[in-house]
Structures are given as structure tokens and as C-alpha cells.
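Novice: Handing you a structure now.
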Amino acid sequence: MPKQLLPVILAFVFAASCSQDFLWQGGPGSEFAAYRASYEAAAGRELVAEMPRADLLRKLATTHLLWLGDHHRHSRLHALQSVLLQQLSRRGVAMALGLEAIGVRDQHLVNDFLAGETDMRTLRDQMRTRWSGSWLDDRALDPWFFRSLLEFAKQHEIPVFALEPTPRLPLAMRDPYIARTVLDACERYRDRLVVVVIGQTHLMGNGDVVGRTGKAGVVIGGLPPSHLREQSIREAPRGTCWRDDSGVLWFGEMLEN
């Protein structure tokens, strides 16, 4: 945890919402609606090139940072992300996972799980007891995916680190915190591919955690904006990604209408 932000956490953590609804920031017309719109506006306007899976895997084998934009309820996206992580593991790529799905106050519980000292049921109970909105159990999301990430990390001895506190800080404070956490992780895991699984709206626009870190790495978006999904792309082999004119990659399967 970034030590210089501890006083900020203590001041705000109990004021943040504990709702199980992951859209705790608000609905349409709220600050979050403008935040989400800024993300879509910052995304590329057109698809410009395809990247076969073999090329992507080669690139990631020599990259230090991978951003995986998440749509927290999209099981198809989660399946694509899981396949990519499995392929990287099979190629012997050492990784560290940064997850929005867990909170910094639960890091020691996650560490116990990864070390085999507790099981998933115990971890879920511990996290839910502290915070009723735990992403390992909230069925408004895809909790099975977030559990599977931790099981995957345990199986392959991959370190996992929390990106931010839960309950959440106010929206304007989250992205600077996350960016600092990722920078610290890049320093700590210099010999690993740091994989950050984070809500896609944090990547660009007002959130801009990618820009805040100054370490672009490889960015794979989550659910493409409608103006990208509406574009016609030629049929390509499964697993192909497409790059837009902002440099962001998108899973080809997520561009299919």
C-alpha cells in the first residue's frame, strides 16, 4: 500500500458506500455517467490493424505491463481474458496480478489463500464479513470469474496485489491511488509481466490510469464502444485482436455483433 496515502484512506474509507451494487458512484446523470462518457470519447475512432494471437503472445513475452479492461458482468469477455492468461502461463511468462476485485485491507487474507493456508470458501467468508459488497460473492457482477483469477494465481504461484481500498474511495481519488499502486508493483515485480485487471472506464478519459502511470505497456480494452462495434472487419481467426487508432487492442470476439 502506498504509505503516503494512508491518511487519505483513513479519512474516507468509512464514508465510502458499502452497496453491493458495483455502480455505487451513481446512475445516469451522476459524476460517473460523465466519467464513463469521457472513456468512450477517448477510445479510438476506428479500427486500423489486426494482431494475430501469436503476435500478441510474442509481444507480451517482452512487455512489463498489461492492462486488461474489464466489464464486471461480461462473462464472454472474462472467458477471453482467462484464455489469454492461460496461454501466457503455458508459455512460461512470469506474471503478477493486480486486481480491482480485492481491497488492500484484505491483502493478507488473499496472501493466506495463495499460500494454501485457507481455502476459497474461507476467503469469501472473510472478505464478505468485512465488506458486504465483496466481488467474490456479488451476483450483480461475475463473481465466479474473480474467484477463478485467484484460483489461477494460486495454482501457478502468481503474486496478487490489490489495486485500491474497498469500500471505494470517492471517484476522483481512486485513479491517482490506483496509478501509484501499479507503479509500485512495476518496481516490485521487475522480472514479471504485471497484469492489471481493472474496470475499462478507468483506463482512459477522466480516469486515465494508463496515462497517470506513464507506462502504457499493452492495453486491451473490455467491451468496445458502439462506434467500434459498428465497423465492419474482415473475418479473422479466433483469438485475433484489433488495434484502434488510439493504440488500444480489442478482442475480435468482442467486436462481433
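Order determines the names: the first chain of the C-alpha cells is A, the second B, and so forth; residues in each chain are numbered 1 upward, and ligands are numbered 1 upward as they are shown.
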Considering only alpha helix (DSSP H) as DSSP defines it on the backbone, what residues of segment 67-229 of chain A qualify? List them as a ChimeraX atom specification.
Specialist: /A:75-90,107-114,120-130,143-155,171-188,209-213,226-229
Novice: Output C-alpha atoms of each residue in that selection to a file, as a PDB file, in the first residue's frame.
Specialist:
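Writing done, so here's out.pdb:
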```pdb
ATOM      1  CA  SER A  75     -18.800 -13.488 -18.952  1.00  0.00           C
ATOM      2  CA  ARG A  76     -17.706 -13.662 -22.606  1.00  0.00           C
ATOM      3  CA  LEU A  77     -15.021 -11.049 -22.039  1.00  0.00           C
ATOM      4  CA  HIS A  78     -13.920 -12.860 -18.907  1.00  0.00           C
ATOM      5  CA  ALA A  79     -13.567 -16.117 -20.825  1.00  0.00           C
ATOM      6  CA  LEU A  80     -11.349 -14.387 -23.397  1.00  0.00           C
ATOM      7  CA  GLN A  81      -9.184 -12.861 -20.676  1.00  0.00           C
ATOM      8  CA  SER A  82      -8.862 -16.218 -18.916  1.00  0.00           C
ATOM      9  CA  VAL A  83      -7.733 -17.929 -22.120  1.00  0.00           C
ATOM     10  CA  LEU A  84      -5.084 -15.251 -22.686  1.00  0.00           C
ATOM     11  CA  LEU A  85      -3.718 -15.629 -19.163  1.00  0.00           C
ATOM     12  CA  GLN A  86      -3.613 -19.407 -19.540  1.00  0.00           C
ATOM     13  CA  GLN A  87      -1.730 -19.086 -22.825  1.00  0.00           C
ATOM     14  CA  LEU A  88       0.804 -16.770 -21.230  1.00  0.00           C
ATOM     15  CA  SER A  89       1.281 -19.199 -18.349  1.00  0.00           C
ATOM     16  CA  ARG A  90       1.810 -22.122 -20.712  1.00  0.00           C
ATOM     17  CA  GLN A 107      -4.366  -8.372   1.067  1.00  0.00           C
ATOM     18  CA  HIS A 108      -3.215 -10.510   3.980  1.00  0.00           C
ATOM     19  CA  LEU A 109      -6.276 -12.750   3.561  1.00  0.00           C
ATOM     20  CA  VAL A 110      -5.534 -13.162  -0.137  1.00  0.00           C
ATOM     21  CA  ASN A 111      -1.908 -13.950   0.684  1.00  0.00           C
ATOM     22  CA  ASP A 112      -3.028 -16.678   3.097  1.00  0.00           C
ATOM     23  CA  PHE A 113      -5.226 -18.165   0.376  1.00  0.00           C
ATOM     24  CA  LEU A 114      -2.424 -18.091  -2.194  1.00  0.00           C
ATOM     25  CA  MET A 120     -11.759 -20.165  -1.256  1.00  0.00           C
ATOM     26  CA  ARG A 121     -14.796 -20.588   0.998  1.00  0.00           C
ATOM     27  CA  THR A 122     -12.886 -19.184   3.949  1.00  0.00           C
ATOM     28  CA  LEU A 123     -11.549 -16.295   1.895  1.00  0.00           C
ATOM     29  CA  ARG A 124     -15.024 -15.462   0.617  1.00  0.00           C
ATOM     30  CA  ASP A 125     -16.460 -15.509   4.120  1.00  0.00           C
ATOM     31  CA  GLN A 126     -13.660 -13.315   5.451  1.00  0.00           C
ATOM     32  CA  MET A 127     -13.990 -10.736   2.698  1.00  0.00           C
ATOM     33  CA  ARG A 128     -17.787 -10.643   2.824  1.00  0.00           C
ATOM     34  CA  THR A 129     -17.753 -10.215   6.589  1.00  0.00           C
ATOM     35  CA  ARG A 130     -15.569  -7.128   6.296  1.00  0.00           C
ATOM     36  CA  PRO A 143     -18.030 -13.397  -9.020  1.00  0.00           C
ATOM     37  CA  TRP A 144     -17.045 -16.768 -10.494  1.00  0.00           C
ATOM     38  CA  PHE A 145     -14.534 -15.014 -12.747  1.00  0.00           C
ATOM     39  CA  PHE A 146     -12.897 -13.120  -9.890  1.00  0.00           C
ATOM     40  CA  ARG A 147     -12.675 -16.308  -7.851  1.00  0.00           C
ATOM     41  CA  SER A 148     -11.150 -18.090 -10.843  1.00  0.00           C
ATOM     42  CA  LEU A 149      -8.439 -15.442 -11.140  1.00  0.00           C
ATOM     43  CA  LEU A 150      -7.386 -16.132  -7.571  1.00  0.00           C
ATOM     44  CA  GLU A 151      -7.522 -19.898  -8.107  1.00  0.00           C
ATOM     45  CA  PHE A 152      -5.414 -19.468 -11.259  1.00  0.00           C
ATOM     46  CA  ALA A 153      -2.878 -17.383  -9.346  1.00  0.00           C
ATOM     47  CA  LYS A 154      -2.722 -19.968  -6.561  1.00  0.00           C
ATOM     48  CA  GLN A 155      -2.224 -22.840  -8.992  1.00  0.00           C
ATOM     49  CA  LEU A 171     -14.315   8.551  -7.543  1.00  0.00           C
ATOM     50  CA  ALA A 172     -11.906  11.471  -8.021  1.00  0.00           C
ATOM     51  CA  MET A 173      -9.430   9.882  -5.605  1.00  0.00           C
ATOM     52  CA  ARG A 174      -9.463   6.355  -6.965  1.00  0.00           C
ATOM     53  CA  ASP A 175      -7.421   6.725 -10.135  1.00  0.00           C
ATOM     54  CA  PRO A 176      -4.408   8.535  -8.628  1.00  0.00           C
ATOM     55  CA  TYR A 177      -4.314   5.837  -5.957  1.00  0.00           C
ATOM     56  CA  ILE A 178      -4.543   3.013  -8.494  1.00  0.00           C
ATOM     57  CA  ALA A 179      -1.849   4.553 -10.694  1.00  0.00           C
ATOM     58  CA  ARG A 180       0.522   4.795  -7.743  1.00  0.00           C
ATOM     59  CA  THR A 181      -0.215   1.190  -6.781  1.00  0.00           C
ATOM     60  CA  VAL A 182       0.595  -0.010 -10.307  1.00  0.00           C
ATOM     61  CA  LEU A 183       3.841   1.976 -10.364  1.00  0.00           C
ATOM     62  CA  ASP A 184       4.863   0.428  -7.047  1.00  0.00           C
ATOM     63  CA  ALA A 185       4.041  -3.039  -8.399  1.00  0.00           C
ATOM     64  CA  CYS A 186       6.114  -2.456 -11.532  1.00  0.00           C
ATOM     65  CA  GLU A 187       9.037  -1.614  -9.289  1.00  0.00           C
ATOM     66  CA  ARG A 188       8.438  -4.598  -7.009  1.00  0.00           C
ATOM     67  CA  VAL A 209      -4.757   5.394 -15.109  1.00  0.00           C
ATOM     68  CA  VAL A 210      -2.640   4.385 -18.103  1.00  0.00           C
ATOM     69  CA  GLY A 211      -1.504   7.953 -18.661  1.00  0.00           C
ATOM     70  CA  ARG A 212      -1.106   8.613 -14.937  1.00  0.00           C
ATOM     71  CA  THR A 213       1.433   5.814 -14.628  1.00  0.00           C
ATOM     72  CA  SER A 226     -20.592   1.118 -30.095  1.00  0.00           C
ATOM     73  CA  HIS A 227     -18.794   3.185 -32.749  1.00  0.00           C
ATOM     74  CA  LEU A 228     -16.126   0.462 -32.932  1.00  0.00           C
ATOM     75  CA  ARG A 229     -18.535  -2.462 -32.768  1.00  0.00           C
TER      76      ARG A 229
END
```
Novice: Given only C-alpha atoms as the basis, pick out the residue of A:Gln200, A:Thr240, A:Ser30, A:Thr166 nearest to Leu57 of chain A.
Specialist: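 Going through A:Gln200, A:Thr240, A:Ser30, A:Thr166 one by one, the smallest distance to Leu57 of chain A is for A:Thr240.
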Novice: Please determine, counting only C-alpha atoms, which residue among A:Leu249, A:Arg53, A:Asp208, A:Val160 has the shortest atom-to-atom distance to Leu99 of chain A.
Specialist: A:Val160
Novice: Residues at most 8 Å from His64 of chain A, counting only C-alpha atoms, excluding those fewer than 2 positions away in the same chain, as a PyMOL selection string?
Specialist: chain A and resi 60+62+66+186+190-194+217
Novice: Mind checking DSSP for segment 57-249 of chain A and telling me the strand (DSSP E or B) residues as a VMD selection string?
Specialist: chain A and resid 65 to 70 95 to 103 160 to 164 193 to 199 218 to 220 241 to 244 249
Novice: Just how far from atom CA of Phe161 of chain A is atom CA of Arg243 of chain A, in Å to one decimal?
Specialist: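 Calculated distance between atom CA of Arg243 of chain A and atom CA of Phe161 of chain A is 28.3 Å.
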Novice: With distances taken over only C-alpha atoms, which of A:Glu253, A:Glu31, A:Glu230, A:Glu157 is nearest to Leu97 of chain A?
Specialist: A:Glu157
Novice: What does the distance from atom CA of Met51 of chain A to atom CA of Val248 of chain A come to in Å, to one decimal?
Specialist: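 Between these atoms lies a distance of 11.3 Å.
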Novice: Between A:Glu40, A:Asp55, A:Glu50, A:Glu100, which residue has the minimum interatomic distance to Gly199 of chain A, considering only C-alpha atoms?
Specialist: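 Closest residue, counting only C-alpha atoms: A:Glu100.
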Novice: Mind checking which residues fall within 7 Å of Pro52 of chain A, counting only C-alpha atoms, ignoring those fewer than 4 positions away in the same chain, and posting them as a compact mmCIF listing (two decimals) with all heavy atoms, in the first residue's frame?
Specialist:
```txt
# COMPACT_ATOMS: atom_id res chain seq x y z
N LEU A 56 0.56 -11.31 -30.57
CA LEU A 56 0.27 -10.73 -29.26
C LEU A 56 1.06 -11.44 -28.16
O LEU A 56 1.64 -10.79 -27.29
CB LEU A 56 -1.23 -10.82 -28.96
CG LEU A 56 -1.68 -10.35 -27.57
CD1 LEU A 56 -1.34 -8.88 -27.36
CD2 LEU A 56 -3.17 -10.60 -27.38
N GLY A 239 -9.23 -15.48 -31.71
CA GLY A 239 -8.08 -15.06 -30.91
C GLY A 239 -7.41 -13.81 -31.44
O GLY A 239 -6.55 -13.24 -30.76
N THR A 240 -7.79 -13.38 -32.63
CA THR A 240 -7.19 -12.17 -33.20
C THR A 240 -7.68 -10.94 -32.45
O THR A 240 -8.85 -10.82 -32.10
CB THR A 240 -7.56 -12.04 -34.69
OG1 THR A 240 -6.98 -13.12 -35.41
CG2 THR A 240 -7.06 -10.73 -35.28
N CYS A 241 -6.78 -10.01 -32.21
CA CYS A 241 -7.14 -8.70 -31.65
C CYS A 241 -7.08 -7.65 -32.76
O CYS A 241 -6.39 -7.83 -33.77
CB CYS A 241 -6.20 -8.31 -30.52
SG CYS A 241 -6.48 -9.21 -28.97
```
Novice: So that I can check the surroundings of Gly69 of chain A, please list as a list in words every protein, DNA and RNA residue that reaches within 8 Å of it, counting only C-alpha atoms and ignoring chain neighbours fewer than 6 positions away.
Specialist: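 Within the cut-off, the hits are Val197, Ile198, Gly199, Gln200, Thr201, Leu203, Val219, Ile220, Gly221 and Gly222 of chain A.
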